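So this block is work.tsv, TSV, C-alpha atoms:
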```
chain	number	residue	atom	x	y	z
L	1406	MET	CA	-0.80	-3.78	8.10
L	1407	ASN	CA	-1.38	-6.01	5.11
L	1408	ALA	CA	-4.69	-6.20	3.29
L	1409	ASP	CA	-6.30	-7.80	0.27
L	1410	PRO	CA	-7.89	-4.79	-1.44
L	1411	ALA	CA	-8.69	-6.53	-4.74
L	1412	PRO	CA	-10.39	-9.90	-4.10
L	1413	THR	CA	-9.99	-12.57	-6.73
L	1414	ALA	CA	-11.96	-15.71	-7.40
L	1415	THR	CA	-12.47	-18.03	-4.42
L	1416	THR	CA	-12.25	-21.77	-4.24
L	1417	ALA	CA	-15.29	-23.96	-3.76
L	1418	ALA	CA	-14.07	-25.03	-0.32
L	1419	GLU	CA	-14.25	-21.51	1.10
L	1420	PRO	CA	-17.53	-20.68	2.87
L	1421	ARG	CA	-19.19	-17.35	2.15
L	1422	ASP	CA	-22.00	-15.37	3.75
L	1423	ALA	CA	-24.99	-13.85	1.96
L	1424	ASP	CA	-22.88	-10.88	0.84
L	1425	GLY	CA	-20.16	-13.12	-0.57
L	1426	LEU	CA	-17.70	-12.39	2.26
L	1427	PRO	CA	-15.94	-14.98	4.42
L	1428	PRO	CA	-17.79	-15.65	7.70
L	1429	VAL	CA	-16.31	-13.65	10.56
L	1430	ARG	CA	-16.54	-14.09	14.32
L	1431	ALA	CA	-15.57	-12.02	17.33
L	1432	ALA	CA	-12.27	-13.06	18.84
L	1433	THR	CA	-12.02	-14.38	22.38
L	1434	PRO	CA	-9.06	-14.64	24.76
L	1435	ALA	CA	-8.43	-18.10	23.31
L	1436	ASP	CA	-7.53	-16.44	19.98
L	1437	ALA	CA	-4.80	-14.29	21.52
L	1438	GLU	CA	-1.97	-16.63	20.59
L	1439	ALA	CA	-3.07	-17.02	16.96
L	1440	ILE	CA	-3.51	-13.25	16.58
L	1441	THR	CA	-0.06	-12.69	18.08
L	1442	ARG	CA	1.45	-15.21	15.67
L	1443	MET	CA	-0.27	-13.51	12.71
L	1444	ARG	CA	1.17	-10.18	13.84
L	1445	SER	CA	4.63	-11.69	14.25
L	1446	ALA	CA	4.65	-13.45	10.87
L	1447	TYR	CA	2.84	-11.00	8.58
L	1448	VAL	CA	2.93	-7.50	10.11
L	1449	LEU	CA	6.21	-6.95	11.92
L	1450	SER	CA	9.46	-6.41	10.06
L	1451	ALA	CA	11.14	-9.09	12.21
L	1452	PRO	CA	9.26	-12.01	13.80
L	1453	PHE	CA	8.98	-12.42	17.56
L	1454	THR	CA	11.14	-14.76	19.55
L	1455	ASP	CA	9.30	-17.44	21.53
L	1456	ASP	CA	9.61	-15.33	24.68
L	1457	TRP	CA	7.99	-12.36	23.00
L	1458	LEU	CA	5.25	-14.51	21.49
L	1459	GLN	CA	4.34	-15.69	24.97
L	1460	ARG	CA	4.63	-12.22	26.48
L	1461	CYS	CA	2.34	-10.63	23.88
L	1462	THR	CA	-0.15	-13.51	24.09
L	1463	ASP	CA	-0.35	-13.11	27.86
L	1464	GLU	CA	-0.79	-9.35	27.42
L	1465	LEU	CA	-3.49	-9.59	24.77
L	1466	ALA	CA	-5.68	-12.38	26.19
L	1467	PRO	CA	-7.20	-10.45	29.14
L	1468	ARG	CA	-7.66	-7.36	26.97
L	1469	LEU	CA	-9.94	-9.35	24.64
L	1470	THR	CA	-12.56	-9.68	27.41
L	1471	PRO	CA	-15.59	-7.35	27.66
L	1472	GLU	CA	-13.77	-5.51	30.45
L	1473	GLY	CA	-10.61	-5.06	28.35
L	1474	ASP	CA	-9.77	-2.42	25.76
L	1475	ALA	CA	-9.08	-4.74	22.78
L	1476	ARG	CA	-11.61	-5.96	20.22
L	1477	ALA	CA	-10.77	-8.31	17.38
L	1478	PHE	CA	-12.56	-10.16	14.62
L	1479	VAL	CA	-11.18	-13.19	12.83
L	1480	ALA	CA	-11.97	-15.32	9.80
L	1481	ASP	CA	-11.22	-19.01	10.02
L	1482	ALA	CA	-9.89	-21.01	7.09
L	1483	PRO	CA	-11.70	-24.25	6.10
L	1484	ASP	CA	-9.05	-26.24	7.97
L	1485	GLY	CA	-9.74	-24.35	11.20
L	1486	THR	CA	-6.60	-22.21	11.20
L	1487	MET	CA	-6.80	-18.42	11.30
L	1488	ALA	CA	-7.06	-16.94	7.80
L	1489	ALA	CA	-7.26	-13.25	8.79
L	1490	CYS	CA	-7.68	-11.02	11.80
L	1491	ALA	CA	-8.27	-7.36	12.62
L	1492	LEU	CA	-7.49	-5.93	16.06
L	1493	GLY	CA	-8.57	-2.57	17.44
L	1494	LEU	CA	-7.65	-0.87	20.71
L	1495	ILE	CA	-10.19	1.46	22.36
L	1496	ASN	CA	-9.03	4.56	24.20
L	1497	PRO	CA	-10.78	7.57	25.77
L	1498	VAL	CA	-10.38	11.09	24.38
L	1499	LEU	CA	-11.80	14.40	25.51
L	1500	PRO	CA	-15.38	14.68	24.19
L	1501	ALA	CA	-16.49	17.24	21.63
L	1502	PRO	CA	-19.76	17.87	19.73
L	1503	ALA	CA	-18.65	15.57	16.91
L	1504	TYR	CA	-17.78	12.74	19.38
L	1505	PRO	CA	-19.80	13.34	22.58
L	1506	ARG	CA	-19.02	9.96	24.19
L	1507	GLY	CA	-15.27	10.54	23.91
L	1508	TRP	CA	-14.29	7.11	22.61
L	1509	ALA	CA	-11.64	6.53	19.95
L	1510	ALA	CA	-10.01	3.42	18.52
L	1511	ARG	CA	-6.81	2.59	16.70
L	1512	VAL	CA	-6.89	-0.28	14.23
L	1513	GLN	CA	-3.73	-1.86	15.58
L	1514	LEU	CA	-3.26	-4.64	13.05
L	1515	VAL	CA	-4.84	-6.33	10.07
L	1516	ALA	CA	-3.20	-9.54	8.90
L	1517	THR	CA	-4.10	-12.16	6.29
L	1518	HIS	CA	-2.34	-15.48	5.84
L	1519	PRO	CA	-0.61	-15.52	2.40
L	1520	ASP	CA	-2.68	-18.56	1.33
L	1521	HIS	CA	-5.88	-16.54	1.72
L	1522	ARG	CA	-4.95	-13.10	0.40
L	1523	ARG	CA	-6.90	-11.30	-2.33
L	1524	ARG	CA	-10.07	-13.21	-1.41
L	1525	GLY	CA	-11.84	-10.58	0.68
L	1526	TYR	CA	-10.70	-11.75	4.12
L	1527	ALA	CA	-9.13	-8.44	5.17
L	1528	ARG	CA	-12.21	-6.48	4.06
L	1529	ALA	CA	-14.46	-8.86	5.99
L	1530	VAL	CA	-12.61	-8.70	9.32
L	1531	VAL	CA	-11.98	-4.94	9.16
L	1532	SER	CA	-15.63	-4.22	8.26
L	1533	ALA	CA	-16.82	-6.38	11.16
L	1534	LEU	CA	-14.41	-4.66	13.55
L	1535	LEU	CA	-15.45	-1.15	12.51
L	1536	ASP	CA	-19.17	-2.00	12.64
L	1537	HIS	CA	-18.81	-3.44	16.14
L	1538	LEU	CA	-16.74	-0.55	17.46
L	1539	ALA	CA	-19.10	2.06	16.05
L	1540	ASP	CA	-22.48	0.42	16.64
L	1541	VAL	CA	-21.85	-1.54	19.85
L	1542	GLU	CA	-18.98	0.20	21.62
L	1543	ASP	CA	-20.06	3.70	20.46
L	1544	VAL	CA	-16.58	4.55	19.20
L	1545	THR	CA	-16.63	7.64	17.00
L	1546	LEU	CA	-13.02	8.40	16.08
L	1547	PHE	CA	-10.87	5.86	14.23
L	1548	GLU	CA	-7.27	5.92	13.02
L	1549	LEU	CA	-4.75	3.54	11.52
L	1550	ARG	CA	-1.42	3.35	9.73
L	1551	THR	CA	-1.05	1.25	6.62
L	1552	SER	CA	0.87	0.78	3.39
L	1553	PRO	CA	0.18	2.71	0.15
L	1554	GLU	CA	-0.94	-0.59	-1.44
L	1555	ALA	CA	-3.61	-1.21	1.23
L	1556	ALA	CA	-4.77	2.42	1.56
L	1557	PRO	CA	-7.47	2.15	-1.18
L	1558	LEU	CA	-9.32	-0.48	0.90
L	1559	TYR	CA	-9.46	1.81	3.91
L	1560	ARG	CA	-10.56	4.78	1.82
L	1561	GLU	CA	-13.48	2.66	0.58
L	1562	LEU	CA	-14.37	2.00	4.22
L	1563	GLY	CA	-14.45	5.73	5.01
L	1564	PHE	CA	-10.90	6.62	6.07
L	1565	SER	CA	-9.01	9.59	4.65
L	1566	GLY	CA	-5.50	10.94	4.89
L	1567	SER	CA	-2.12	9.54	3.90
L	1568	PRO	CA	-1.15	5.91	4.62
L	1569	ALA	CA	1.14	7.22	7.37
L	1570	LEU	CA	-1.99	8.23	9.32
L	1571	MET	CA	-5.55	7.66	8.13
L	1572	ARG	CA	-8.56	8.85	10.14
L	1573	MET	CA	-12.34	8.47	10.10
L	1574	THR	CA	-15.26	9.86	12.09
L	1575	ARG	CA	-18.25	7.55	12.24
L	1576	HIS	CA	-21.46	7.88	14.22
L	1577	ARG	CA	-23.74	5.08	15.29
L	1578	GLN	CA	-26.96	4.90	13.29
L	1579	LEU	CA	-30.03	4.13	15.38
L	1580	PRO	CA	-32.86	2.11	13.76
L	1581	GLY	CA	-35.17	4.42	11.82
L	1582	ALA	CA	-32.96	7.47	12.38
L	1583	GLN	CA	-32.03	9.83	9.60
L	1584	PRO	CA	-28.34	9.75	8.58
L	1585	ASP	CA	-26.12	12.20	10.42
L	1586	SER	CA	-25.15	15.39	8.68
L	1587	THR	CA	-21.93	15.11	6.73
L	1588	TRP	CA	-20.79	18.46	8.16
L	1589	VAL	CA	-17.77	18.27	10.46
L	1590	PRO	CA	-15.93	21.09	12.25
L	1591	PRO	CA	-13.36	22.81	9.97
L	1592	GLN	CA	-10.31	21.73	11.99
L	1593	GLN	CA	-11.51	18.13	12.12
L	1594	TYR	CA	-12.05	18.18	8.36
L	1595	ALA	CA	-8.60	19.69	7.80
L	1596	ASP	CA	-7.01	17.03	10.02
L	1597	SER	CA	-8.60	14.30	7.87
L	1598	LEU	CA	-7.05	15.53	4.63
L	1599	PRO	CA	-3.85	14.01	3.22
L	1600	ARG	CA	-0.71	16.00	3.97
L	1601	ALA	CA	1.66	17.09	1.21
L	1602	ALA	CA	4.87	19.12	1.17
L	1603	ALA	CA	4.82	21.60	-1.73
L	1604	TYR	CA	7.88	22.36	-3.84
L	1605	VAL	CA	8.55	24.58	-6.84
L	1606	CYS	CA	11.24	24.22	-9.50
L	1607	LEU	CA	12.49	26.19	-12.49
L	1608	TYR	CA	13.55	24.43	-15.70
L	1609	VAL	CA	16.32	26.38	-17.43
L	1610	THR	CA	18.39	25.56	-20.53
L	1611	ASP	CA	21.03	27.19	-22.61
L	1612	GLU	CA	20.25	28.52	-26.08
L	1613	ASP	CA	20.73	25.01	-27.52
L	1614	ASP	CA	18.02	23.59	-25.19
L	1615	ARG	CA	20.54	21.74	-23.05
L	1616	PRO	CA	19.20	21.49	-19.44
L	1617	LEU	CA	21.02	23.34	-16.69
L	1618	GLN	CA	21.37	21.58	-13.32
L	1619	LEU	CA	22.89	22.59	-9.99
L	1620	HIS	CA	25.13	20.19	-8.06
L	1621	SER	CA	24.04	19.70	-4.45
L	1622	VAL	CA	26.45	19.85	-1.51
L	1623	TYR	CA	23.99	18.24	0.94
L	1624	SER	CA	21.94	15.60	-0.93
L	1625	PRO	CA	23.97	12.62	-2.19
L	1626	GLY	CA	20.74	10.84	-3.12
L	1627	HIS	CA	19.82	13.67	-5.52
L	1628	PRO	CA	23.20	15.02	-6.67
L	1629	TRP	CA	21.89	17.28	-9.45
L	1630	HIS	CA	18.97	19.62	-8.88
L	1631	LEU	CA	16.66	21.86	-10.82
L	1632	ILE	CA	16.59	25.40	-9.45
L	1633	GLY	CA	13.97	25.45	-6.69
L	1634	GLY	CA	12.93	24.28	-3.25
L	1635	ALA	CA	10.11	24.08	-0.70
L	1636	MET	CA	7.43	26.72	-0.58
L	1637	ASP	CA	7.21	28.85	2.56
L	1638	LEU	CA	3.97	28.95	4.53
L	1639	GLY	CA	1.49	31.29	2.83
L	1640	GLU	CA	3.68	31.73	-0.27
L	1641	ARG	CA	2.26	31.54	-3.81
L	1642	PRO	CA	4.01	29.08	-6.15
L	1643	TRP	CA	5.41	31.63	-8.61
L	1644	ASP	CA	6.56	33.91	-5.79
L	1645	ALA	CA	8.41	30.90	-4.35
L	1646	VAL	CA	10.07	30.28	-7.73
L	1647	VAL	CA	11.29	33.88	-7.92
L	1648	ARG	CA	12.65	33.69	-4.37
L	1649	GLU	CA	14.38	30.32	-4.86
L	1650	CYS	CA	15.93	31.40	-8.15
L	1651	ARG	CA	17.33	34.55	-6.59
L	1652	GLU	CA	18.65	32.70	-3.52
L	1653	GLU	CA	20.26	29.86	-5.47
L	1654	THR	CA	21.60	31.61	-8.58
L	1655	GLY	CA	21.45	35.38	-8.07
L	1656	MET	CA	19.16	35.63	-11.13
L	1657	THR	CA	15.63	37.00	-11.31
L	1658	ALA	CA	12.98	34.77	-12.87
L	1659	ALA	CA	11.16	37.14	-15.19
L	1660	GLY	CA	8.14	35.06	-16.15
L	1661	PRO	CA	5.39	35.11	-17.16
L	1662	PRO	CA	4.64	31.93	-15.19
L	1663	ARG	CA	4.34	28.88	-17.45
L	1664	LEU	CA	3.79	25.53	-15.78
L	1665	LEU	CA	5.60	22.63	-17.45
L	1666	ALA	CA	4.96	19.73	-15.09
L	1667	THR	CA	3.32	18.51	-11.91
L	1668	VAL	CA	5.26	15.82	-10.04
L	1669	PHE	CA	3.76	13.77	-7.20
L	1670	GLY	CA	5.55	11.51	-4.72
L	1671	GLN	CA	4.04	9.01	-2.28
L	1672	PRO	CA	4.91	9.12	1.43
L	1673	ARG	CA	7.88	7.00	2.46
L	1674	GLU	CA	9.11	5.65	5.78
L	1675	ARG	CA	11.29	8.64	6.56
L	1676	ARG	CA	9.03	11.14	4.79
L	1677	PRO	CA	5.50	10.86	6.19
L	1678	TYR	CA	3.98	13.38	3.77
L	1679	SER	CA	3.38	13.21	0.04
L	1680	THR	CA	5.34	15.65	-2.11
L	1681	LEU	CA	3.89	17.88	-4.81
L	1682	GLN	CA	6.25	19.70	-7.18
L	1683	LEU	CA	5.24	22.42	-9.62
L	1684	ILE	CA	7.88	22.92	-12.32
L	1685	PHE	CA	7.89	26.18	-14.28
L	1686	ASP	CA	9.69	27.20	-17.47
L	1687	GLY	CA	12.64	29.45	-16.74
L	1688	GLY	CA	13.51	30.05	-20.37
L	1689	ARG	CA	16.82	29.92	-22.24
L	1690	LEU	CA	19.98	31.56	-20.94
L	1691	THR	CA	22.86	32.96	-22.95
L	1692	ALA	CA	26.38	31.74	-22.26
L	1693	GLU	CA	27.09	35.05	-20.54
L	1694	GLN	CA	24.08	34.64	-18.25
L	1695	ILE	CA	25.17	31.12	-17.32
L	1696	ARG	CA	28.70	32.34	-16.52
L	1697	GLY	CA	27.11	35.02	-14.32
L	1698	ILE	CA	25.27	32.56	-12.07
L	1699	THR	CA	26.20	33.08	-8.41
L	1700	LEU	CA	25.64	29.92	-6.40
L	1701	ASN	CA	24.78	29.73	-2.72
L	1702	PRO	CA	27.72	27.67	-1.38
L	1703	ARG	CA	25.55	26.20	1.39
L	1704	GLU	CA	23.40	24.50	-1.23
L	1705	HIS	CA	25.30	24.05	-4.52
L	1706	ASP	CA	28.91	24.04	-5.66
L	1707	LYS	CA	28.59	24.01	-9.46
L	1708	ALA	CA	26.17	24.72	-12.31
L	1709	ARG	CA	26.40	22.56	-15.40
L	1710	VAL	CA	24.81	22.39	-18.86
L	1711	LEU	CA	24.67	19.09	-20.76
L	1712	PRO	CA	22.58	17.50	-23.52
L	1713	LEU	CA	19.59	15.68	-22.04
L	1714	ALA	CA	20.92	12.17	-22.78
L	1715	GLU	CA	24.16	12.82	-20.90
L	1716	TRP	CA	22.30	13.63	-17.68
L	1717	GLU	CA	20.98	10.07	-17.37
L	1718	ALA	CA	24.28	8.63	-16.15
L	1719	LEU	CA	24.69	11.37	-13.52
L	1720	MET	CA	21.45	11.02	-11.57
L	1721	PRO	CA	19.06	8.41	-10.13
L	1722	ALA	CA	16.50	6.98	-12.54
L	1723	ARG	CA	13.59	8.82	-10.88
L	1724	ASP	CA	15.38	12.17	-11.26
L	1725	PHE	CA	16.04	11.54	-14.94
L	1726	VAL	CA	12.41	10.48	-15.53
L	1727	ARG	CA	11.37	13.86	-14.18
L	1728	LEU	CA	13.95	15.77	-16.21
L	1729	ARG	CA	13.00	13.98	-19.42
L	1730	ALA	CA	9.29	14.63	-18.83
L	1731	VAL	CA	9.93	18.33	-18.27
L	1732	GLU	CA	12.08	18.59	-21.41
L	1733	GLU	CA	9.32	16.92	-23.46
L	1734	ALA	CA	6.69	19.25	-21.97
L	1735	ARG	CA	8.59	22.33	-23.11
L	1736	ARG	CA	9.32	20.80	-26.52
L	1737	THR	CA	5.73	19.69	-27.21
L	1738	GLY	CA	3.80	22.38	-25.34
L	1739	VAL	CA	1.87	19.69	-23.41
L	1740	ALA	CA	2.22	19.88	-19.62
L	1741	ALA	CA	3.65	16.73	-18.01
L	1742	TYR	CA	2.29	14.74	-15.07
L	1743	VAL	CA	4.63	12.40	-13.17
L	1744	ASP	CA	3.39	10.34	-10.21
L	1745	THR	CA	6.29	7.93	-9.76
L	1746	TRP	CA	8.60	10.36	-7.96
L	1747	GLY	CA	10.30	8.45	-5.15
L	1748	ASN	CA	9.16	5.05	-6.45
L	1749	ALA	CA	12.28	4.19	-8.44
```
Just give me the structure as structure tokens.
Amino acid sequence: MNADPAPTATTAAEPRDADGLPPVRAATPADAEAITRMRSAYVLSAPFTDDWLQRCTDELAPRLTPEGDARAFVADAPDGTMAACALGLINPVLPAPAYPRGWAARVQLVATHPDHRRRGYARAVVSALLDHLADVEDVTLFELRTSPEAAPLYRELGFSGSPALMRMTRHRQLPGAQPDSTWVPPQQYADSLPRAAAYVCLYVTDEDDRPLQLHSVYSPGHPWHLIGGAMDLGERPWDAVVRECREETGMTAAGPPRLLATVFGQPRERRPYSTLQLIFDGGRLTAEQIRGITLNPREHDKARVLPLAEWEALMPARDFVRLRAVEEARRTGVAAYVDTWGNA
């Protein structure tokens, strides 16, 4: 889904309501073709053929009736064409105390024509859709999938979680009623939180402060690794470091634990969770200790020590950004924070 999370100045020709948002109307079956074309042009990775445009239009039109399961809101451009649309699909779920009517909805698509982006159109149609679903249709559970760029808009509207799956619970407010309690069942609250895979790493150098890296046998995208890996369920970070160091090198990380850097990575298409890496200082090794490293052949086939600058040509830019930040953290004594992991 695309969105326009940061509206910019509007032109004089664009109508606005009392709140400064573009006027929005409920879609009818007659809007099915335009909504389908918006989806084809601005949401899908490859546009529909004419046959598929007709097929999806014929499918959507009857579902946009009061008896159907689709609800959509659209904003019209001054020339009468569709500037933006938001489509939601209602589905039943088993009821629970937090959602006694047992209605849920998926925000299926939000699309804005490029000529009208960053002017508040997406916010207007999504807000109208959510208000209608919650206050008229009595939908309580909402979910959607979006891009990292559009996620801030949906968080402002009450969604939480990662862009790969954002959720919201919303109850209808009756006139004069007190707001519902913000308490939700523990599992429901846990399900609404963003997911992250946790990793630990150990930064080790020789006595001349040259970083040591391990060469991977299974990850061509990240050929040289810090010592470390994913945390096991229920494991504490430093305990995971000690285990990974022993498994990958045969050495024992003595500590005491000293955190050098925190590294965050956004979800990607083939990795639905964020990543969070905690990188600890593993100290300086003598030449004899480095020669004594025993690698796990299923993971690494060589250990190498080089000056920091020479590592840049041997690894992707994002890996070197991390390595350089960790080296600076040890040298300056100021812990590093990197949030561009996976963005390069």
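Nearest to L:Leu1713 of all the residues L:Leu1534, L:Ala1666, L:Ala1489, L:Leu1617 is L:Leu1617, counting all atoms listed in the file.
The coordinates place atom CA of L:Tyr1504 at 8.0 Å from atom CA of L:His1576.
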* Asked: Which residues come within 10 Å of L:Leu1664, counting all atoms listed in the file, excluding same-chain residues fewer than 4 positions away, as an MDAnalysis selection string?
  -> chainID L and resid 1606:1608 1643 1683:1687 1731 1734:1735 1739:1741
Writing out the chosen residues with C-alpha atoms as a PDB file, in the frame of the given file:
```pdb
ATOM      1  CA  CYS L1606      11.240  24.220  -9.500  1.00  0.00           C
ATOM      2  CA  LEU L1607      12.490  26.190 -12.490  1.00  0.00           C
ATOM      3  CA  TYR L1608      13.550  24.430 -15.700  1.00  0.00           C
ATOM      4  CA  TRP L1643       5.410  31.630  -8.610  1.00  0.00           C
ATOM      5  CA  LEU L1683       5.240  22.420  -9.620  1.00  0.00           C
ATOM      6  CA  ILE L1684       7.880  22.920 -12.320  1.00  0.00           C
ATOM      7  CA  PHE L1685       7.890  26.180 -14.280  1.00  0.00           C
ATOM      8  CA  ASP L1686       9.690  27.200 -17.470  1.00  0.00           C
ATOM      9  CA  GLY L1687      12.640  29.450 -16.740  1.00  0.00           C
ATOM     10  CA  VAL L1731       9.930  18.330 -18.270  1.00  0.00           C
ATOM     11  CA  ALA L1734       6.690  19.250 -21.970  1.00  0.00           C
ATOM     12  CA  ARG L1735       8.590  22.330 -23.110  1.00  0.00           C
ATOM     13  CA  VAL L1739       1.870  19.690 -23.410  1.00  0.00           C
ATOM     14  CA  ALA L1740       2.220  19.880 -19.620  1.00  0.00           C
ATOM     15  CA  ALA L1741       3.650  16.730 -18.010  1.00  0.00           C
TER      16      ALA L1741
END
```
* Asked: How many Å separate atom CA of L:Arg1560 from atom CA of L:Asp1481?
  -> 25.2 Å
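Atom CA of L:Glu1704 sits 24.6 Å away from atom CA of L:Ala1730.
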* If you count only C-alpha atoms, which residues fall within 7 Å of L:Ala1488, apart from same-chain ones fewer than 3 positions away, as a PyMOL selection string? -> chain L and resi 1480-1482+1517-1518+1521
* Dig up all the protein and nucleic acid residues within 10 Å of (-4.1, 13.6, 4.9) in the file frame, using all atoms listed in the file, and format them as a VMD selection string. => chain L and resid 1564 to 1572 1594 to 1601 1678 to 1679
For C-alpha atoms, I'd like the residues from the last selection saved as a tab-separated table (two decimals), keeping the file's coordinate frame.
```tsv
chain	number	residue	atom	x	y	z
L	1564	PHE	CA	-10.90	6.62	6.07
L	1565	SER	CA	-9.01	9.59	4.65
L	1566	GLY	CA	-5.50	10.94	4.89
L	1567	SER	CA	-2.12	9.54	3.90
L	1568	PRO	CA	-1.15	5.91	4.62
L	1569	ALA	CA	1.14	7.22	7.37
L	1570	LEU	CA	-1.99	8.23	9.32
L	1571	MET	CA	-5.55	7.66	8.13
L	1572	ARG	CA	-8.56	8.85	10.14
L	1594	TYR	CA	-12.05	18.18	8.36
L	1595	ALA	CA	-8.60	19.69	7.80
L	1596	ASP	CA	-7.01	17.03	10.02
L	1597	SER	CA	-8.60	14.30	7.87
L	1598	LEU	CA	-7.05	15.53	4.63
L	1599	PRO	CA	-3.85	14.01	3.22
L	1600	ARG	CA	-0.71	16.00	3.97
L	1601	ALA	CA	1.66	17.09	1.21
L	1678	TYR	CA	3.98	13.38	3.77
L	1679	SER	CA	3.38	13.21	0.04
```
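Among the candidate residues L:Arg1651, L:Arg1729, L:Arg1689, L:Arg1615, the one lying nearest to L:Val1710 is L:Arg1615, with distances computed using only C-alpha atoms.
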* Contacts of L:Ile1495 within 12 Å, only C-alpha atoms, excl. fewer than 5 positions in-chain, as a list in words -> Arg1468, Leu1469, Pro1471, Glu1472, Gly1473, Asp1474, Ala1475, Arg1476, Ala1477, Gly1507, Trp1508, Ala1509, Ala1510, Arg1511, Val1512, Gln1513, Leu1534, Leu1535, His1537, Leu1538, Ala1539, Glu1542, Asp1543, Val1544, Thr1545, Leu1546, Phe1547 and Glu1548 of chain L
